[in-house]
$ cat data-v8.cif   # mmCIF, C-alpha atoms
data_entry
#
loop_
_atom_site.label_atom_id
_atom_site.label_comp_id
_atom_site.auth_asym_id
_atom_site.auth_seq_id
_atom_site.Cartn_x
_atom_site.Cartn_y
_atom_site.Cartn_z
CA MET R 1420 0.00 0.00 0.00
CA ASN R 1421 1.23 3.50 -0.84
CA LYS R 1422 2.90 4.95 2.28
CA TYR R 1423 0.93 8.21 2.05
CA LEU R 1424 -2.40 6.39 1.77
CA LYS R 1425 -1.36 4.25 4.74
CA SER R 1426 -0.46 7.39 6.69
CA PHE R 1427 -3.80 9.01 5.71
CA LEU R 1428 -5.76 6.00 7.01
CA HIS R 1429 -3.61 5.71 10.13
CA ARG R 1430 -4.08 9.37 11.10
CA GLY R 1431 -7.77 9.24 10.20
CA LEU R 1432 -8.38 6.20 12.39
CA LEU R 1433 -6.40 7.72 15.27
CA PHE R 1434 -8.30 11.00 15.36
CA GLY R 1435 -11.66 10.18 13.73
CA GLY R 1436 -13.24 9.53 17.14
CA PHE R 1437 -12.75 13.15 18.15
CA GLY R 1438 -15.48 14.24 15.71
CA PRO R 1439 -18.45 12.67 17.55
CA VAL R 1440 -16.91 13.69 20.91
CA VAL R 1441 -16.78 17.36 19.87
CA ALA R 1442 -20.27 17.12 18.35
CA SER R 1443 -21.71 15.68 21.58
CA ILE R 1444 -20.07 18.47 23.63
CA VAL R 1445 -21.62 21.06 21.28
CA PHE R 1446 -25.05 19.36 21.57
CA LEU R 1447 -24.71 19.32 25.35
CA ALA R 1448 -23.88 23.04 25.37
CA ILE R 1449 -26.85 23.78 23.09
CA SER R 1450 -29.19 21.76 25.31
CA HIS R 1451 -28.27 24.04 28.23
CA THR R 1452 -29.03 27.20 26.29
CA VAL R 1453 -31.97 26.25 24.02
CA ASP R 1454 -35.30 25.24 25.59
CA ASN R 1455 -36.75 21.89 24.49
CA PHE R 1456 -33.71 20.98 22.43
CA SER R 1457 -33.93 17.41 21.19
CA LEU R 1458 -32.56 15.22 18.42
CA SER R 1459 -34.22 12.31 16.64
CA ALA R 1460 -32.44 8.96 16.34
CA ARG R 1461 -31.81 9.71 12.66
CA GLU R 1462 -30.25 13.09 13.49
CA VAL R 1463 -28.00 11.50 16.13
CA PHE R 1464 -26.90 8.83 13.65
CA THR R 1465 -26.19 11.41 10.90
CA ALA R 1466 -24.29 13.68 13.31
CA THR R 1467 -22.19 10.83 14.76
CA PHE R 1468 -21.38 9.27 11.39
CA SER R 1469 -20.69 12.53 9.53
CA THR R 1470 -18.54 14.09 12.28
CA TYR R 1471 -16.51 10.88 12.48
CA LEU R 1472 -15.88 11.09 8.73
CA LEU R 1473 -15.13 14.82 9.04
CA ALA R 1474 -12.48 14.26 11.74
CA PHE R 1475 -11.12 11.26 9.80
CA VAL R 1476 -10.65 13.34 6.64
CA HIS R 1477 -9.36 16.38 8.57
CA ALA R 1478 -6.65 14.32 10.31
CA GLY R 1479 -5.75 12.28 7.25
CA ALA R 1480 -5.55 15.27 4.90
CA SER R 1481 -2.48 16.59 6.74
CA VAL R 1482 -0.52 13.95 4.83
CA PHE R 1483 -0.81 16.08 1.67
CA ASN R 1484 1.70 18.51 3.20
CA GLN R 1485 4.30 15.76 3.38
CA ILE R 1486 4.18 14.43 -0.16
CA GLU R 1487 7.62 15.62 -1.22
CA HIS R 1488 7.22 15.28 -4.98
CA TRP R 1489 4.05 17.42 -5.01
CA SER R 1490 4.32 21.13 -5.65
CA LEU R 1491 3.07 23.56 -3.01
CA PRO R 1492 -0.02 24.70 -5.01
CA LYS R 1493 -0.97 21.05 -5.64
CA SER R 1494 -0.67 20.01 -1.98
CA LEU R 1495 -2.46 23.15 -0.76
CA LEU R 1496 -5.24 22.73 -3.31
CA CYS R 1497 -5.77 19.06 -2.41
CA HIS R 1498 -5.70 19.81 1.32
CA PHE R 1499 -8.11 22.74 0.96
CA SER R 1500 -10.48 20.91 -1.42
CA MET R 1501 -10.70 17.83 0.75
CA LEU R 1502 -11.41 19.84 3.92
CA TYR R 1503 -13.90 22.07 2.11
CA ALA R 1504 -15.77 19.07 0.67
CA ALA R 1505 -15.82 17.28 4.05
CA TYR R 1506 -16.99 20.33 6.01
CA SER R 1507 -19.63 21.48 3.54
CA LEU R 1508 -21.08 17.96 3.13
CA CYS R 1509 -21.13 17.46 6.89
CA TYR R 1510 -22.85 20.82 7.50
CA VAL R 1511 -25.45 20.24 4.79
CA ALA R 1512 -26.08 16.59 5.79
CA ASN R 1513 -26.80 17.68 9.37
CA SER R 1514 -28.87 20.68 8.23
CA TRP R 1515 -26.54 22.97 10.15
CA ILE R 1516 -26.72 25.17 7.05
CA PRO R 1517 -29.58 25.10 4.51
CA PHE R 1518 -28.83 23.92 1.00
CA GLU R 1519 -29.27 27.34 -0.60
CA PRO R 1520 -26.85 29.07 -2.98
CA LYS R 1521 -26.63 32.28 -0.94
CA VAL R 1522 -25.94 30.44 2.33
CA LEU R 1523 -23.43 28.12 0.64
CA LEU R 1524 -21.63 31.16 -0.78
CA ILE R 1525 -21.38 32.82 2.65
CA PHE R 1526 -20.25 29.49 4.18
CA SER R 1527 -17.58 29.14 1.47
CA LEU R 1528 -16.27 32.68 1.99
CA ILE R 1529 -16.04 32.17 5.77
CA PHE R 1530 -14.37 28.79 5.24
CA ILE R 1531 -11.77 30.28 2.87
CA ALA R 1532 -11.05 33.18 5.26
CA VAL R 1533 -10.67 30.90 8.32
CA TYR R 1534 -8.54 28.40 6.35
CA PHE R 1535 -6.06 31.08 5.32
CA VAL R 1536 -5.95 32.78 8.73
CA VAL R 1537 -5.14 29.39 10.35
CA TRP R 1538 -2.62 28.66 7.59
CA ILE R 1539 -0.85 32.00 8.12
CA ILE R 1540 -0.71 31.53 11.92
CA VAL R 1541 0.71 28.00 11.56
CA TYR R 1542 3.23 29.20 8.97
CA LEU R 1543 4.42 32.09 11.15
CA CYS R 1544 4.82 29.77 14.17
CA VAL R 1545 6.83 27.25 12.13
CA ARG R 1546 8.96 30.03 10.63
CA SER R 1547 9.77 31.36 14.09
CA THR R 1548 10.75 27.85 15.31
CA THR R 1549 12.90 27.36 12.18
CA LYS R 1550 14.75 30.61 12.79
CA LYS R 1551 15.50 29.66 16.42
CA LEU R 1552 16.66 26.15 15.47
CA ASN R 1553 18.92 27.43 12.70
CA GLY R 1554 20.39 29.92 15.17
CA GLN R 1555 21.30 27.01 17.47
CA LEU R 1556 22.87 25.02 14.62
CA ARG R 1557 25.44 27.79 13.95
CA MET D 931 43.48 24.12 25.82
CA LYS D 932 46.63 22.38 24.59
CA LEU D 933 46.37 19.29 22.39
CA ARG D 934 48.96 16.54 22.29
CA ILE D 935 48.62 13.35 20.25
CA LEU D 936 51.03 10.47 20.83
CA ILE D 937 51.13 7.76 18.18
CA ASP D 938 52.36 4.62 19.89
CA LYS D 939 51.23 1.15 18.83
CA GLN D 940 52.48 -0.39 22.08
CA GLN D 941 50.08 1.63 24.28
CA GLU D 942 46.36 1.17 24.92
CA GLU D 943 44.35 3.76 22.93
CA LYS D 944 42.85 6.34 25.30
CA ILE D 945 41.96 10.01 25.60
CA LEU D 946 42.88 11.83 28.79
CA ILE D 947 41.74 15.41 29.41
CA TYR D 948 42.95 17.75 32.13
CA ALA D 949 40.44 20.58 32.54
CA HIS D 950 39.38 23.15 35.12
CA GLU D 951 35.72 22.45 34.48
CA LYS D 952 33.42 20.50 32.17
CA THR D 953 32.87 22.68 29.10
CA PRO D 954 30.70 22.14 25.98
CA LEU D 955 33.91 21.22 24.13
CA ILE D 956 34.61 18.40 26.61
CA GLU D 957 31.00 17.19 26.39
CA GLU D 958 31.33 17.14 22.61
CA ILE D 959 34.57 15.12 22.82
CA GLU D 960 32.80 12.71 25.21
CA ARG D 961 29.96 12.19 22.72
CA LEU D 962 32.38 11.67 19.82
CA VAL D 963 34.33 9.06 21.78
CA GLU D 964 31.12 7.29 22.82
CA ASP D 965 29.90 7.29 19.22
CA SER D 966 33.14 5.94 17.80
CA ALA D 967 33.06 3.12 20.35
CA LEU D 968 29.54 2.13 19.28
CA GLY D 969 29.68 1.43 15.57
CA PHE D 970 27.02 -0.13 13.36
CA THR D 971 27.25 -2.64 10.56
CA GLY D 972 25.79 -1.45 7.28
CA TYR D 973 25.03 -3.76 4.36
CA ASP D 974 24.69 -3.06 0.67
CA GLU D 975 24.06 -5.61 -2.08
CA ASP D 976 27.26 -7.60 -1.74
CA SER D 977 29.36 -6.21 1.09
CA GLN D 978 29.19 -4.99 4.64
CA PHE D 979 30.78 -1.96 6.27
CA ARG D 980 31.58 -0.88 9.80
CA LEU D 981 29.96 2.52 10.32
CA ASN D 982 31.01 5.17 12.80
CA PRO D 983 27.85 6.97 14.04
CA ALA D 984 29.59 10.31 13.50
CA ASP D 985 29.59 9.57 9.73
CA ILE D 986 25.86 8.79 9.63
CA HIS D 987 23.48 11.59 8.63
CA CYS D 988 20.39 9.78 9.78
CA PHE D 989 18.69 6.44 10.29
CA THR D 990 15.48 6.12 8.35
CA VAL D 991 12.85 3.42 7.83
CA GLU D 992 11.76 2.72 4.27
CA ASP D 993 9.34 -0.09 3.42
CA GLY D 994 9.79 -1.55 6.89
CA ARG D 995 13.61 -1.74 6.62
CA LEU D 996 16.09 0.45 8.46
CA TYR D 997 18.78 2.31 6.55
CA ALA D 998 21.71 4.50 7.57
CA LEU D 999 22.30 7.42 5.21
CA THR D 1000 25.94 8.47 4.82
CA ASP D 1001 27.92 10.63 2.41
CA SER D 1002 28.48 7.58 0.23
CA GLY D 1003 24.91 6.36 0.13
CA LYS D 1004 22.30 4.23 1.85
CA LEU D 1005 23.19 1.12 3.83
CA LEU D 1006 20.86 -1.44 5.33
CA ILE D 1007 21.05 -1.80 9.12
CA LYS D 1008 19.80 -5.12 10.47
CA MET D 1009 18.25 -3.65 13.62
CA ARG D 1010 14.99 -2.00 14.61
CA LEU D 1011 14.79 1.78 14.91
CA TYR D 1012 14.14 1.66 18.67
CA GLN D 1013 17.23 -0.55 19.19
CA VAL D 1014 19.38 1.98 17.33
CA GLU D 1015 17.81 4.81 19.33
CA GLU D 1016 18.78 3.10 22.60
CA LYS D 1017 22.41 2.80 21.48
CA LEU D 1018 22.90 6.34 20.23
CA SER D 1019 24.38 9.31 22.05
CA GLY D 1020 23.21 12.89 22.46
CA ASN D 1021 24.19 13.90 18.93
CA PHE D 1022 21.19 12.00 17.63
CA VAL D 1023 17.54 12.93 17.97
CA LYS D 1024 14.37 11.31 16.72
CA ILE D 1025 12.67 13.74 14.33
CA ASN D 1026 9.67 11.64 13.38
CA GLN D 1027 8.43 8.09 13.88
CA SER D 1028 10.71 6.74 11.17
CA CYS D 1029 13.83 8.90 11.30
CA ILE D 1030 16.65 9.57 13.78
CA ALA D 1031 18.86 12.50 12.78
CA ASN D 1032 22.48 13.28 13.56
CA ILE D 1033 22.40 16.92 14.69
CA LYS D 1034 25.97 17.42 13.47
CA LYS D 1035 24.87 16.47 9.95
CA ILE D 1036 21.92 18.84 9.72
CA ALA D 1037 22.62 21.63 7.25
CA ARG D 1038 19.53 23.66 8.11
CA PHE D 1039 15.87 23.67 9.04
CA ASP D 1040 13.29 24.97 6.55
CA SER D 1041 9.78 26.15 7.22
CA SER D 1042 7.64 24.89 4.41
CA VAL D 1043 4.66 27.04 3.55
CA THR D 1044 2.47 24.06 4.24
CA GLY D 1045 3.31 24.43 7.94
CA THR D 1046 5.79 21.57 8.07
CA LEU D 1047 9.22 21.91 9.69
CA ARG D 1048 11.69 20.34 7.26
CA VAL D 1049 15.22 19.14 7.96
CA VAL D 1050 17.84 19.40 5.22
CA PHE D 1051 20.91 17.22 5.80
CA LYS D 1052 24.41 18.00 4.57
CA ASN D 1053 24.12 15.17 2.01
CA GLY D 1054 20.99 16.78 0.55
CA TYR D 1055 18.51 14.32 2.05
CA GLU D 1056 15.35 15.94 3.39
CA ASP D 1057 12.87 14.81 6.02
CA TYR D 1058 10.41 16.51 8.35
CA VAL D 1059 10.08 17.05 12.09
CA SER D 1060 6.77 15.72 13.35
CA ARG D 1061 4.82 17.92 15.78
CA ARG D 1062 5.32 15.30 18.49
CA GLN D 1063 9.11 15.53 18.18
CA ILE D 1064 9.51 19.32 17.92
CA LYS D 1065 9.88 19.66 21.69
CA SER D 1066 12.68 17.10 21.94
CA VAL D 1067 14.49 18.57 18.91
CA LYS D 1068 14.34 22.02 20.53
CA GLU D 1069 15.61 20.65 23.84
CA ARG D 1070 18.45 18.78 22.15
CA LEU D 1071 19.52 21.99 20.44
CA GLY D 1072 19.43 23.87 23.72
CA LEU D 1073 16.20 25.82 23.24
#

$ encode --input "data-v8.cif" --output "structure tokens"
Amino acid sequence: MNKYLKSFLHRGLLFGGFGPVVASIVFLAISHTVDNFSLSAREVFTATFSTYLLAFVHAGASVFNQIEHWSLPKSLLCHFSMLYAAYSLCYVANSWIPFEPKVLLIFSLIFIAVYFVVWIIVYLCVRSTTKKLNGQLR
Amino acid sequence: MKLRILIDKQQEEKILIYAHEKTPLIEEIERLVEDSALGFTGYDEDSQFRLNPADIHCFTVEDGRLYALTDSGKLLIKMRLYQVEEKLSGNFVKINQSCIANIKKIARFDSSVTGTLRVVFKNGYEDYVSRRQIKSVKERLGL
């Protein structure tokens, strides 16, 4: 099996379980703030299954950054596309956002903005660490 | 510090240091002596070589087999990565789950724009530092 696919599956299986855990914490918080909050068995199943897949894909997709023979635009595009597809499908499947063009457009814009803010923060942190480590090497 | 080397085949080989205190230079000499006493056996297709750890850039696992990367190429090591890790001195640090790097053979660290901390070795080989190992790499480099 391709080592990157193996790594994708390994990371996905390790962290996939965090999806339903986070979802249940969010539901618990909502139940304390919204009166008569309840979920049907179907909604619980959809939320559990989709958030597991979401966390699985989110964890596994980090492998794209380590495929050495891929160019930066290719690895970024694959990472972004996979996360975007997983998040938007999960949100729509759970009816957390309605399936309407206007709402999907707003969701996409927010997703792009958050993705790049997180990306810039991570990059700046790594760059700072790199500078310190190179300073110690000399 | 004065240095005196006596070549004498009749005497036992040893290094003796007189110092006022233990300095980084002495610690470095200690590590080099420990490393040279260790040694690993590397195999290629039809021969085997005795390897001094100081000449090894890194140990890396590929397709379930452990290799030592040196200036002259890649040699198979018939050990497990954790066994090698137990034998090595302070000049080596695990940078991810399948690579142990020789700090003295690291040319530089690079921050990739994908948020990965890359290691570039003096022989041109590149690998990455996993998030789990960043702390120990920093500590080993005195940060």

$ residues_around --input "data-v8.cif" --residues "Gln1027 (chain D)" --least-positions-apart "4" --cutoff "10 Å" --atoms "all atoms listed in the file" --output "PyMOL selection string"
chain D and resi 990-991+1011-1012+1059-1060+1062-1063

$ atom_distance --input "data-v8.cif" --atom1 "CA of Leu1473 (chain R)" --atom2 "CA of Leu1528 (chain R)"
19.2 Å

$ interface_residues --input "data-v8.cif" --of "chain R" --to "chain D" --cutoff "8 Å" --atoms "only C-alpha atoms" --output "mmCIF file with C-alpha atoms, in the coordinates of the input"
data_model
loop_
_atom_site.group_PDB
_atom_site.id
_atom_site.type_symbol
_atom_site.label_atom_id
_atom_site.label_comp_id
_atom_site.auth_asym_id
_atom_site.auth_seq_id
_atom_site.Cartn_x
_atom_site.Cartn_y
_atom_site.Cartn_z
ATOM 1 C CA ASN R 1484 1.700 18.510 3.200
ATOM 2 C CA GLN R 1485 4.300 15.760 3.380
ATOM 3 C CA LEU R 1491 3.070 23.560 -3.010
ATOM 4 C CA LEU R 1495 -2.460 23.150 -0.760
ATOM 5 C CA TRP R 1538 -2.620 28.660 7.590
ATOM 6 C CA VAL R 1541 0.710 28.000 11.560
ATOM 7 C CA TYR R 1542 3.230 29.200 8.970
ATOM 8 C CA VAL R 1545 6.830 27.250 12.130
ATOM 9 C CA ARG R 1546 8.960 30.030 10.630
ATOM 10 C CA THR R 1549 12.900 27.360 12.180
ATOM 11 C CA LYS R 1550 14.750 30.610 12.790
ATOM 12 C CA LYS R 1551 15.500 29.660 16.420
ATOM 13 C CA LEU R 1552 16.660 26.150 15.470
ATOM 14 C CA ASN R 1553 18.920 27.430 12.700
ATOM 15 C CA GLN R 1555 21.300 27.010 17.470
ATOM 16 C CA LEU R 1556 22.870 25.020 14.620
#

$ closest_residue --input "data-v8.cif" --among "R:Phe1427, R:Phe1483, R:Phe1530, R:Phe1464" --to "Ser1443 (chain R)" --atoms "all atoms listed in the file"
R:Phe1464

$ atom_distance --input "data-v8.cif" --atom1 "CA of Ile1449 (chain R)" --atom2 "CA of Ala1466 (chain R)"
14.3 Å

$ resolve_selection --input "data-v8.cif" --expression "the PyMOL selection byres ((chain R and resi 1438-1442) around 9)" --output "list in words"
Phe1434, Gly1435, Gly1436, Phe1437, Ser1443, Ile1444, Val1445, Phe1446, Leu1447, Ala1466, Thr1467, Phe1468, Ser1469, Thr1470, Tyr1471, Leu1472, Leu1473, Ala1474 and Phe1475 of chain R

$ write_last_selection --input "data-v8.cif" --atoms "C-alpha atoms" --output "CSV table (one decimal), in the frame of the given file"
chain,number,residue,atom,x,y,z
R,1434,PHE,CA,-8.3,11.0,15.4
R,1435,GLY,CA,-11.7,10.2,13.7
R,1436,GLY,CA,-13.2,9.5,17.1
R,1437,PHE,CA,-12.8,13.2,18.2
R,1443,SER,CA,-21.7,15.7,21.6
R,1444,ILE,CA,-20.1,18.5,23.6
R,1445,VAL,CA,-21.6,21.1,21.3
R,1446,PHE,CA,-25.0,19.4,21.6
R,1447,LEU,CA,-24.7,19.3,25.4
R,1466,ALA,CA,-24.3,13.7,13.3
R,1467,THR,CA,-22.2,10.8,14.8
R,1468,PHE,CA,-21.4,9.3,11.4
R,1469,SER,CA,-20.7,12.5,9.5
R,1470,THR,CA,-18.5,14.1,12.3
R,1471,TYR,CA,-16.5,10.9,12.5
R,1472,LEU,CA,-15.9,11.1,8.7
R,1473,LEU,CA,-15.1,14.8,9.0
R,1474,ALA,CA,-12.5,14.3,11.7
R,1475,PHE,CA,-11.1,11.3,9.8

$ residues_near_point --input "data-v8.cif" --point "(26.9, 21.1, 27.7)" --cutoff "12 Å" --atoms "all atoms listed in the file" --output "count of residues only"
17

$ atom_distance --input "data-v8.cif" --atom1 "CA of Ala984 (chain D)" --atom2 "CA of Ile1030 (chain D)"
13.0 Å

$ residues_near_point --input "data-v8.cif" --point "(25.9, -2.5, 16.3)" --cutoff "10 Å" --atoms "all atoms listed in the file" --output "VMD selection string"
chain D and resid 967 to 972 980 to 983 1007 to 1009 1013 to 1014 1017
